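Chemist: Take a look at data-v2.txt, compact mmCIF, N, CA and C atoms:
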```txt
# COMPACT_ATOMS: atom_id res chain seq x y z
N MET A 12 -80.95 -16.67 -32.16
CA MET A 12 -81.06 -15.33 -32.70
C MET A 12 -82.32 -14.68 -32.17
N GLN A 13 -82.25 -13.40 -31.92
CA GLN A 13 -83.39 -12.67 -31.36
C GLN A 13 -84.36 -12.29 -32.47
N SER A 14 -85.66 -12.53 -32.23
CA SER A 14 -86.66 -12.14 -33.22
C SER A 14 -86.95 -10.65 -33.10
N PHE A 15 -87.63 -10.14 -34.09
CA PHE A 15 -87.98 -8.72 -34.13
C PHE A 15 -88.82 -8.31 -32.93
N PHE A 16 -89.66 -9.21 -32.42
CA PHE A 16 -90.59 -8.87 -31.36
C PHE A 16 -90.02 -9.03 -29.96
N GLU A 17 -88.89 -9.71 -29.85
CA GLU A 17 -88.26 -9.88 -28.54
C GLU A 17 -87.53 -8.61 -28.14
N ARG A 18 -87.59 -8.30 -26.88
CA ARG A 18 -86.86 -7.14 -26.36
C ARG A 18 -85.77 -7.63 -25.43
N ARG A 19 -84.58 -7.23 -25.68
CA ARG A 19 -83.49 -7.55 -24.78
C ARG A 19 -83.41 -6.46 -23.73
N PRO A 20 -83.16 -6.83 -22.50
CA PRO A 20 -83.01 -5.80 -21.49
C PRO A 20 -81.74 -4.99 -21.78
N ALA A 21 -81.81 -3.72 -21.45
CA ALA A 21 -80.63 -2.87 -21.62
C ALA A 21 -79.51 -3.40 -20.73
N SER A 22 -78.30 -3.27 -21.19
CA SER A 22 -77.18 -3.76 -20.40
C SER A 22 -76.35 -2.60 -19.88
N LEU A 23 -75.58 -2.88 -18.86
CA LEU A 23 -74.69 -1.89 -18.27
C LEU A 23 -73.62 -1.53 -19.29
N ASP A 24 -73.43 -0.26 -19.54
CA ASP A 24 -72.47 0.20 -20.53
C ASP A 24 -71.07 0.24 -19.92
N THR A 25 -70.32 -0.82 -20.14
CA THR A 25 -68.99 -0.92 -19.53
C THR A 25 -67.96 -0.04 -20.23
N ASP A 26 -68.37 0.67 -21.26
CA ASP A 26 -67.48 1.65 -21.88
C ASP A 26 -67.43 2.95 -21.07
N GLN A 27 -68.39 3.13 -20.19
CA GLN A 27 -68.43 4.34 -19.36
C GLN A 27 -67.37 4.25 -18.28
N PRO A 28 -66.55 5.30 -18.11
CA PRO A 28 -65.50 5.27 -17.10
C PRO A 28 -66.04 5.07 -15.68
N SER A 29 -67.19 5.65 -15.37
CA SER A 29 -67.74 5.50 -14.02
C SER A 29 -68.11 4.06 -13.72
N VAL A 30 -68.65 3.36 -14.70
CA VAL A 30 -69.02 1.95 -14.52
C VAL A 30 -67.77 1.12 -14.29
N ARG A 31 -66.73 1.35 -15.09
CA ARG A 31 -65.48 0.62 -14.92
C ARG A 31 -64.84 0.91 -13.57
N HIS A 32 -64.92 2.16 -13.12
CA HIS A 32 -64.34 2.53 -11.83
C HIS A 32 -65.06 1.83 -10.67
N ILE A 33 -66.37 1.81 -10.72
CA ILE A 33 -67.14 1.11 -9.68
C ILE A 33 -66.84 -0.38 -9.72
N GLN A 34 -66.72 -0.96 -10.93
CA GLN A 34 -66.36 -2.38 -11.03
C GLN A 34 -65.00 -2.65 -10.39
N ASP A 35 -64.07 -1.73 -10.52
CA ASP A 35 -62.77 -1.88 -9.88
C ASP A 35 -62.91 -1.88 -8.36
N TRP A 36 -63.75 -0.98 -7.83
CA TRP A 36 -64.00 -0.97 -6.38
C TRP A 36 -64.62 -2.29 -5.93
N ILE A 37 -65.52 -2.84 -6.74
CA ILE A 37 -66.17 -4.11 -6.40
C ILE A 37 -65.12 -5.23 -6.38
N ARG A 38 -64.32 -5.33 -7.44
CA ARG A 38 -63.29 -6.38 -7.52
C ARG A 38 -62.31 -6.32 -6.36
N ARG A 39 -61.88 -5.11 -6.03
CA ARG A 39 -60.87 -4.93 -4.99
C ARG A 39 -61.47 -4.79 -3.58
N GLN A 40 -62.81 -4.83 -3.48
CA GLN A 40 -63.52 -4.72 -2.21
C GLN A 40 -63.10 -3.47 -1.44
N ILE A 41 -63.04 -2.33 -2.14
CA ILE A 41 -62.67 -1.05 -1.55
C ILE A 41 -63.86 -0.52 -0.76
N PRO A 42 -63.69 -0.19 0.52
CA PRO A 42 -64.78 0.43 1.27
C PRO A 42 -65.09 1.82 0.70
N VAL A 43 -66.37 2.12 0.58
CA VAL A 43 -66.80 3.39 0.01
C VAL A 43 -67.83 4.06 0.92
N ALA A 44 -67.95 5.36 0.74
CA ALA A 44 -69.03 6.13 1.36
C ALA A 44 -69.90 6.65 0.22
N ILE A 45 -71.19 6.48 0.35
CA ILE A 45 -72.14 6.96 -0.66
C ILE A 45 -73.07 7.95 0.02
N GLN A 46 -73.03 9.17 -0.47
CA GLN A 46 -73.91 10.20 0.07
C GLN A 46 -75.17 10.23 -0.79
N ILE A 47 -76.31 10.17 -0.12
CA ILE A 47 -77.61 10.16 -0.77
C ILE A 47 -78.12 11.60 -0.86
N HIS A 48 -78.88 11.91 -1.92
CA HIS A 48 -79.51 13.23 -1.98
C HIS A 48 -80.29 13.44 -0.69
N GLY A 49 -80.06 14.52 -0.03
CA GLY A 49 -80.68 14.77 1.26
C GLY A 49 -79.65 14.75 2.37
N GLY A 50 -78.43 14.27 2.07
CA GLY A 50 -77.34 14.38 3.02
C GLY A 50 -76.95 13.12 3.77
N GLU A 51 -77.79 12.09 3.81
CA GLU A 51 -77.43 10.86 4.53
C GLU A 51 -76.25 10.18 3.84
N GLU A 52 -75.32 9.66 4.64
CA GLU A 52 -74.16 8.98 4.09
C GLU A 52 -74.15 7.53 4.56
N LEU A 53 -73.95 6.61 3.62
CA LEU A 53 -73.88 5.18 3.91
C LEU A 53 -72.48 4.70 3.58
N ALA A 54 -71.97 3.76 4.37
CA ALA A 54 -70.62 3.24 4.14
C ALA A 54 -70.66 1.72 4.08
N GLY A 55 -69.74 1.17 3.29
CA GLY A 55 -69.61 -0.28 3.15
C GLY A 55 -68.87 -0.60 1.88
N THR A 56 -69.03 -1.82 1.41
CA THR A 56 -68.43 -2.22 0.14
C THR A 56 -69.55 -2.51 -0.85
N ILE A 57 -69.34 -2.11 -2.09
CA ILE A 57 -70.34 -2.37 -3.12
C ILE A 57 -70.19 -3.82 -3.57
N GLN A 58 -71.28 -4.56 -3.55
CA GLN A 58 -71.26 -5.97 -3.94
C GLN A 58 -71.55 -6.17 -5.42
N TRP A 59 -72.47 -5.39 -5.96
CA TRP A 59 -72.81 -5.47 -7.38
C TRP A 59 -73.50 -4.19 -7.81
N GLN A 60 -73.56 -4.02 -9.13
CA GLN A 60 -74.28 -2.89 -9.71
C GLN A 60 -75.06 -3.37 -10.92
N ASP A 61 -76.17 -2.72 -11.17
CA ASP A 61 -76.90 -2.95 -12.41
C ASP A 61 -77.37 -1.60 -12.93
N LEU A 62 -78.27 -1.60 -13.88
CA LEU A 62 -78.71 -0.34 -14.48
C LEU A 62 -79.38 0.59 -13.50
N GLN A 63 -80.06 0.04 -12.51
CA GLN A 63 -80.87 0.86 -11.62
C GLN A 63 -80.33 0.98 -10.20
N TYR A 64 -79.61 -0.04 -9.72
CA TYR A 64 -79.23 -0.08 -8.31
C TYR A 64 -77.76 -0.41 -8.09
N LEU A 65 -77.29 -0.02 -6.91
CA LEU A 65 -76.02 -0.47 -6.35
C LEU A 65 -76.36 -1.24 -5.09
N ALA A 66 -75.70 -2.35 -4.83
CA ALA A 66 -75.90 -3.12 -3.61
C ALA A 66 -74.73 -2.84 -2.69
N LEU A 67 -75.00 -2.21 -1.56
CA LEU A 67 -73.96 -1.85 -0.59
C LEU A 67 -74.02 -2.81 0.59
N ASN A 68 -72.88 -3.41 0.91
CA ASN A 68 -72.77 -4.29 2.06
C ASN A 68 -72.20 -3.48 3.22
N PRO A 69 -73.02 -3.17 4.25
CA PRO A 69 -72.53 -2.37 5.36
C PRO A 69 -71.66 -3.16 6.34
N GLY A 70 -71.56 -4.48 6.13
CA GLY A 70 -70.71 -5.31 6.99
C GLY A 70 -71.41 -5.72 8.28
N GLN A 71 -70.67 -6.36 9.16
CA GLN A 71 -71.15 -6.80 10.48
C GLN A 71 -72.42 -7.63 10.39
N GLY A 72 -72.55 -8.45 9.34
CA GLY A 72 -73.69 -9.34 9.21
C GLY A 72 -74.99 -8.66 8.88
N LYS A 73 -74.98 -7.36 8.54
CA LYS A 73 -76.20 -6.64 8.19
C LYS A 73 -76.57 -6.95 6.75
N PRO A 74 -77.86 -6.86 6.43
CA PRO A 74 -78.28 -7.14 5.05
C PRO A 74 -77.82 -6.07 4.07
N LEU A 75 -77.77 -6.44 2.79
CA LEU A 75 -77.40 -5.49 1.74
C LEU A 75 -78.38 -4.33 1.70
N ILE A 76 -77.85 -3.16 1.36
CA ILE A 76 -78.68 -1.97 1.16
C ILE A 76 -78.70 -1.70 -0.34
N LEU A 77 -79.89 -1.63 -0.92
CA LEU A 77 -80.02 -1.31 -2.34
C LEU A 77 -80.22 0.20 -2.49
N ILE A 78 -79.36 0.81 -3.29
CA ILE A 78 -79.39 2.26 -3.48
C ILE A 78 -79.68 2.53 -4.95
N GLN A 79 -80.73 3.28 -5.20
CA GLN A 79 -81.01 3.67 -6.58
C GLN A 79 -79.89 4.56 -7.08
N ARG A 80 -79.41 4.29 -8.27
CA ARG A 80 -78.31 5.08 -8.84
C ARG A 80 -78.66 6.57 -8.85
N GLN A 81 -79.90 6.91 -9.15
CA GLN A 81 -80.32 8.30 -9.22
C GLN A 81 -80.29 8.97 -7.86
N SER A 82 -80.32 8.19 -6.78
CA SER A 82 -80.32 8.75 -5.43
C SER A 82 -78.93 9.08 -4.92
N ALA A 83 -77.92 8.52 -5.55
CA ALA A 83 -76.55 8.73 -5.09
C ALA A 83 -76.03 10.07 -5.59
N ALA A 84 -75.69 10.96 -4.64
CA ALA A 84 -75.15 12.26 -4.99
C ALA A 84 -73.64 12.23 -5.10
N LEU A 85 -72.99 11.37 -4.27
CA LEU A 85 -71.54 11.33 -4.22
C LEU A 85 -71.08 9.96 -3.77
N MET A 86 -70.05 9.43 -4.42
CA MET A 86 -69.42 8.18 -4.00
C MET A 86 -67.93 8.43 -3.89
N ARG A 87 -67.35 7.97 -2.78
CA ARG A 87 -65.91 8.14 -2.61
C ARG A 87 -65.34 6.95 -1.86
N PRO A 88 -64.10 6.58 -2.20
CA PRO A 88 -63.47 5.48 -1.46
C PRO A 88 -63.08 5.95 -0.06
N LEU A 89 -63.10 5.05 0.88
CA LEU A 89 -62.67 5.36 2.26
C LEU A 89 -61.26 4.84 2.46
N GLY A 90 -60.51 5.56 3.24
CA GLY A 90 -59.16 5.09 3.58
C GLY A 90 -58.05 5.57 2.76
```
Could you write out this file's structure as structure tokens?

Modeler:
Amino acid sequence: MQSFFERRPASLDTDQPSVRHIQDWIRRQIPVAIQIHGGEELAGTIQWQDLQYLALNPGQGKPLILIQRQSAALMRPLG
């Protein structure tokens, strides 16, 4: 049981439709394009999400790209 002084980290609200939709893209490995504020667009598959970041796998053996949720202006599936 959690004591009064312990703080639990906030958790991802899976009741939110956007969170569930992104989880569906992750499960199904749907390629997506994410447009960042400023106009740059990144493409790949989302590997995971948390409260602050999305991890985008651009493929071709490249490392994951961490995108702050607040920086994403638009996300759309490709194909």

Chemist: Could you please give me, as an mmCIF file with N, CA and C atoms, in the frame of the given file, the residues of protein, DNA or RNA lying at most 8 Å from (-60.3, 5.2, 0.2) in the coordinate frame of the file, considering all atoms listed in the file?

Modeler:
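Once everything was written out, this is point23.cif:
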```
data_model
loop_
_atom_site.group_PDB
_atom_site.id
_atom_site.type_symbol
_atom_site.label_atom_id
_atom_site.label_comp_id
_atom_site.auth_asym_id
_atom_site.auth_seq_id
_atom_site.Cartn_x
_atom_site.Cartn_y
_atom_site.Cartn_z
ATOM 1 N N ILE A 41 -63.040 -2.330 -2.140
ATOM 2 C CA ILE A 41 -62.670 -1.050 -1.550
ATOM 3 C C ILE A 41 -63.860 -0.520 -0.760
ATOM 4 N N PRO A 42 -63.690 -0.190 0.520
ATOM 5 C CA PRO A 42 -64.780 0.430 1.270
ATOM 6 C C PRO A 42 -65.090 1.820 0.700
ATOM 7 N N VAL A 43 -66.370 2.120 0.580
ATOM 8 C CA VAL A 43 -66.800 3.390 0.010
ATOM 9 C C VAL A 43 -67.830 4.060 0.920
ATOM 10 N N ALA A 44 -67.950 5.360 0.740
ATOM 11 C CA ALA A 44 -69.030 6.130 1.360
ATOM 12 C C ALA A 44 -69.900 6.650 0.220
ATOM 13 N N ARG A 87 -67.350 7.970 -2.780
ATOM 14 C CA ARG A 87 -65.910 8.140 -2.610
ATOM 15 C C ARG A 87 -65.340 6.950 -1.860
ATOM 16 N N PRO A 88 -64.100 6.580 -2.200
ATOM 17 C CA PRO A 88 -63.470 5.480 -1.460
ATOM 18 C C PRO A 88 -63.080 5.950 -0.060
ATOM 19 N N LEU A 89 -63.100 5.050 0.880
ATOM 20 C CA LEU A 89 -62.670 5.360 2.260
ATOM 21 C C LEU A 89 -61.260 4.840 2.460
ATOM 22 N N GLY A 90 -60.510 5.560 3.240
ATOM 23 C CA GLY A 90 -59.160 5.090 3.580
ATOM 24 C C GLY A 90 -58.050 5.570 2.760
#
```

Chemist: With only C-alpha atoms as the basis for distance, which of A:Met86, A:Gln81, A:Ile47, A:Arg31 is at the shortest distance from Leu62 in chain A?

Modeler: A:Gln81

Chemist: Given the choices A:Pro28, A:Leu85, A:Gly70, A:Arg39, which gets closest to Ala54 in chain A if the distance is worked out from all atoms listed in the file?

Modeler: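 Residue with the minimum atom-to-atom distance to Ala54 in chain A: A:Gly70.
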
Chemist: Please report the interatomic distance between atom N of Ser22 in chain A and atom C of Leu67 in chain A in Å with one decimal.

Modeler: 22.2 Å

Chemist: Show me the residues close to (-67.6, -2.1, 6.0) - anything with an atom within 5 Å, counting only N, CA and C atoms - and format the list as a ChimeraX atom specification.

Modeler: /A:55-56,69-70
